[in-house]
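Trainee: My questions will all concern the structure given below.
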Amino acid sequence: MTQDATTSQGQLTRVLARKDVLALAFGAMIGWGWIVLTGSWIQSAGSLGAITAFLIGGLIIVLVGLTYAELASAMPQVGGEHVYSYRAMGHFASFLCTWAITLGYVSVVAFEAVALPTVVEHLFPNYAVGHLWTINGWEVKATWVAVGVAGSLAMMWINYIGVRTAALVQKVVTLLILAVGILFITGALFQGSTATMQPLFSVEEGVMGGIMTVIIMVPFMFVGFDVIPQAAEEINLPFREIGRVLMISVILAVFWYAFIILGTSLMLDPEALGASSLAVPDAMQAAFQAPWAGNLMIIAGIAGIITSWNAFYIGGSRAIYALAHSGMLPAWLGKLHPTYRTPTNAILVMGILSAIAPFFGRPALVWLVVAGGLGIVIAYLFVSLSFVVLRRREPEMERPFKVRQGKLVGALAVLLSLGLTAMYLPGSPSALSAIEWVIFAGWMGIGLALYAWSRARYGTAYSDGMMQRELAGADPYQGH
């Protein structure tokens with residue numbers, strides 16, 4: 001039986017059905033990146049090497065996703081990581097975990113505000129006019145900025161007026177991406193040639209070298225399944241089903257990326273890949289031998305921007321709301337709209353950050369995205385640790401979706417999360433640059449200042465009391 005969709009005046013509403021949740025997570029994971037990067041994956045690892053990298057990387061994400069699935073079904077409250085890490089490791093750890101992943105969500109919504117005007121340029125060349133300024137060698141144009149800002153405000157409005165509207169948009173746009181993807185893969189299987197897939201593995205890097213080059217990018221293509229726990233308090237499903245849907249979304253994304261790589265490698269040989277700026281649309285055009293097919297794939301890419309943008313608006317605003325809800329951020333960020341039942345001020349903050357992003361140009365946003373990636377893998381580490389701690393400390397806790405071989409899965413998830421985190425540290429080929437460290441440290445510094453102010457303003461007892469009420473499933477606002 002599903003949970004009661006009615007709530008008291010102070011709570012979010014459980015209105016998201018199974019299809020809504022699946023579209024939310026899957027749509028978040030298949031954003032714009034595959035349109036741009038598939039060609040470079042194949043060039044780096046070879047056709048079969050790139051597919052292998054995504055299957056191995058997908059296994060890593062499945063292991064981390066299993067810890068999320070169990071915890072999300074056991075504690076289906078808004079905030080996801082915020083609730084799990086509090087129960088396992090306490091107040092401060094909960095703040096660090098949630099604030100870190102919020103940076104990841106902010107980086108995605110900011111990046112999508114830059115991706116939209118960039119992809120529009122492929123449909124309407126030279127539309128960017130009106131030079132404003134130059135940042136890091138990039139000329140910021142007025143019309144280019146206007147498209148990004150307009151998209152940001154539209155997504156903010158969709159999320160502001162209710163999660164039902166956001167979920168409807170997510171379903172429709174995700175179906176569009178799936179339809180175009182299936183059309184592409186079918187065409188490639190019939191029209192493509194296995195001869196173009198050579199080399200199957202990287203010649204320059206070697207088999208393992210090429211696969212590892214792609215694997216370090218894989219986990220960040222799957223960011224998005226963690227939006228489900230953030231919106232858990234709005235999901236109208238049996239708690240066991242929350243975990244199942246989360247895992248289904250991850251597995252679907254693994255197959256999506258593998259088939260997109262296969263279809264592209266069947267249609268474009270290494271020379272064509274080297275000459276292509278957007279390999280998947282070019283492969284689609286080659287499969288159907290018509291320009292309209294390439295443009296249709298670019299439209300699917302725009303749809304991917306929308307699904308990712310929308311999902312991370314939901315995830316980021318719920319993370320901010322959860323922190324404010326429990327006295328870890330200023331209370332005004334925890335306000336719910338009396339009619340729409342959405343965390344309006346948190347959504348407005350996400351909207352403002354997304355709308356100002358285009359003014360900084362495309363290269364500057366790469367710094368934010370990389371810094372946000374560190375925040376995301378830190379949150380994965382905290383969740384994996386929370387899974388292990390709670391399995392040992394609270395073995396009798398009700399777990400509607402219980403992972404088999406929990407000790408092994410938990411240990412592997414912790415080790416793999418540590419490995420992902422290490423990739424950002426000095427000494428790694430993908431280590432953060434100085435300016436990316438400044439962005440990450442600045443974000444954490446702002447958060448710690450707000451956290452200290454909130455603790456002083458509301459008090460430890462109030463904050464802990466709110467979290468205890470949340471864990472107990474009571475209305476945290478009742479009596480306050």
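Ordered as shown in the structure tokens, chains take letters A, B, and onward, while each chain numbers its residues from 1 and ligands are numbered from 1 in the order shown.
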So which residues of segment 254-478 of chain A fall under alpha helix (DSSP H) by DSSP, listed as an MDAnalysis selection string?
Mentor: chainID A and resid 254:267 270:275 279:288 291:325 344:356 361:393 406:422 434:458 460:472
Trainee: Can you pull out every residue within 8 Å of Ser417 of chain A, counting only C-alpha atoms, but drop anything in the same chain fewer than 2 positions away, and send it as JSON, numbers by chain?
Mentor: {"A": [64, 377, 378, 380, 381, 384, 413, 414, 415, 419, 420, 421]}
Trainee: Between A:Ser433, A:Leu176, A:Lys141, A:Ala303, which one has atoms that come closest to Asn126 of chain A, using only C-alpha atoms?
Mentor: A:Lys141
Trainee: Which polymer residues have any atom within 9 Å of an atom of segment 90-106 of chain A, counting only C-alpha atoms, with same-chain residues fewer than 5 positions away left out, as a PyMOL selection string?
Mentor: chain A and resi 79-85+111+312-313+315-317+319-320+322-323+328+350+353-354+368-383+440+443-444+447-448+451+463-464+467
Trainee: Contacts of segment 268-280 of chain A at 6 Å or less, counting only C-alpha atoms, minus same-chain residues fewer than 6 places along, as a PyMOL selection string?
Mentor: chain A and resi 35-36+39+196
Trainee: Restricting it to N, CA, C and O atoms, dump the selection as a PDB file, in the first residue's frame.
Mentor:
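Written out: result28.pdb:
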ATOM      1  N   ILE A  35      26.266  13.555 -25.339  1.00  0.00           N
ATOM      2  CA  ILE A  35      26.266  14.170 -26.664  1.00  0.00           C
ATOM      3  C   ILE A  35      27.661  14.691 -27.003  1.00  0.00           C
ATOM      4  O   ILE A  35      28.162  14.545 -28.118  1.00  0.00           O
ATOM      5  N   VAL A  36      28.309  15.303 -26.014  1.00  0.00           N
ATOM      6  CA  VAL A  36      29.599  15.968 -26.222  1.00  0.00           C
ATOM      7  C   VAL A  36      30.769  14.998 -26.128  1.00  0.00           C
ATOM      8  O   VAL A  36      31.733  15.099 -26.893  1.00  0.00           O
ATOM      9  N   GLY A  39      32.478  10.704 -28.328  1.00  0.00           N
ATOM     10  CA  GLY A  39      33.579  10.585 -29.273  1.00  0.00           C
ATOM     11  C   GLY A  39      34.930  10.503 -28.584  1.00  0.00           C
ATOM     12  O   GLY A  39      35.778   9.671 -28.955  1.00  0.00           O
ATOM     13  N   THR A 196      34.131  -0.239 -38.479  1.00  0.00           N
ATOM     14  CA  THR A 196      34.412   1.110 -37.960  1.00  0.00           C
ATOM     15  C   THR A 196      34.716   1.092 -36.467  1.00  0.00           C
ATOM     16  O   THR A 196      35.178   2.097 -35.919  1.00  0.00           O
TER      17      THR A 196
END
Trainee: Got a sec: who's within 10 Å of segment 18-21 of chain A, counting only C-alpha atoms, leaving out chain neighbours fewer than 2 positions off, as a ChimeraX atom specification?
Mentor: /A:15-16,23-27,163-164,166-171,225,227-228,231-232,234-238,241-242,245-246,249
Trainee: Measuring between only C-alpha atoms, which one of A:Val389, A:Val62, A:Arg362, A:Pro330 shows the shortest distance to Arg457 of chain A?
Mentor: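 Once distances to Arg457 of chain A are computed over only C-alpha atoms, the minimum belongs to A:Pro330.
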Trainee: I'd like the neighbourhood of Ile135 of chain A as a list of chain:residue names, where a residue qualifies if any of its atoms comes within 12 Å (using only C-alpha atoms), though same-chain residues fewer than 5 positions away should be ignored.
Mentor: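 My reading of the contact set: A:Val140, A:Lys141, A:Pro358, A:Phe359, A:Phe360, A:Gly361, A:Arg362, A:Pro363, A:Ala364, A:Leu365.
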Trainee: Please, what distance in Å, to one decimal, runs between atom CA of Ala287 of chain A and atom CA of Phe190 of chain A?
Mentor: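 That distance, rounded to one decimal, is 8.5 Å.
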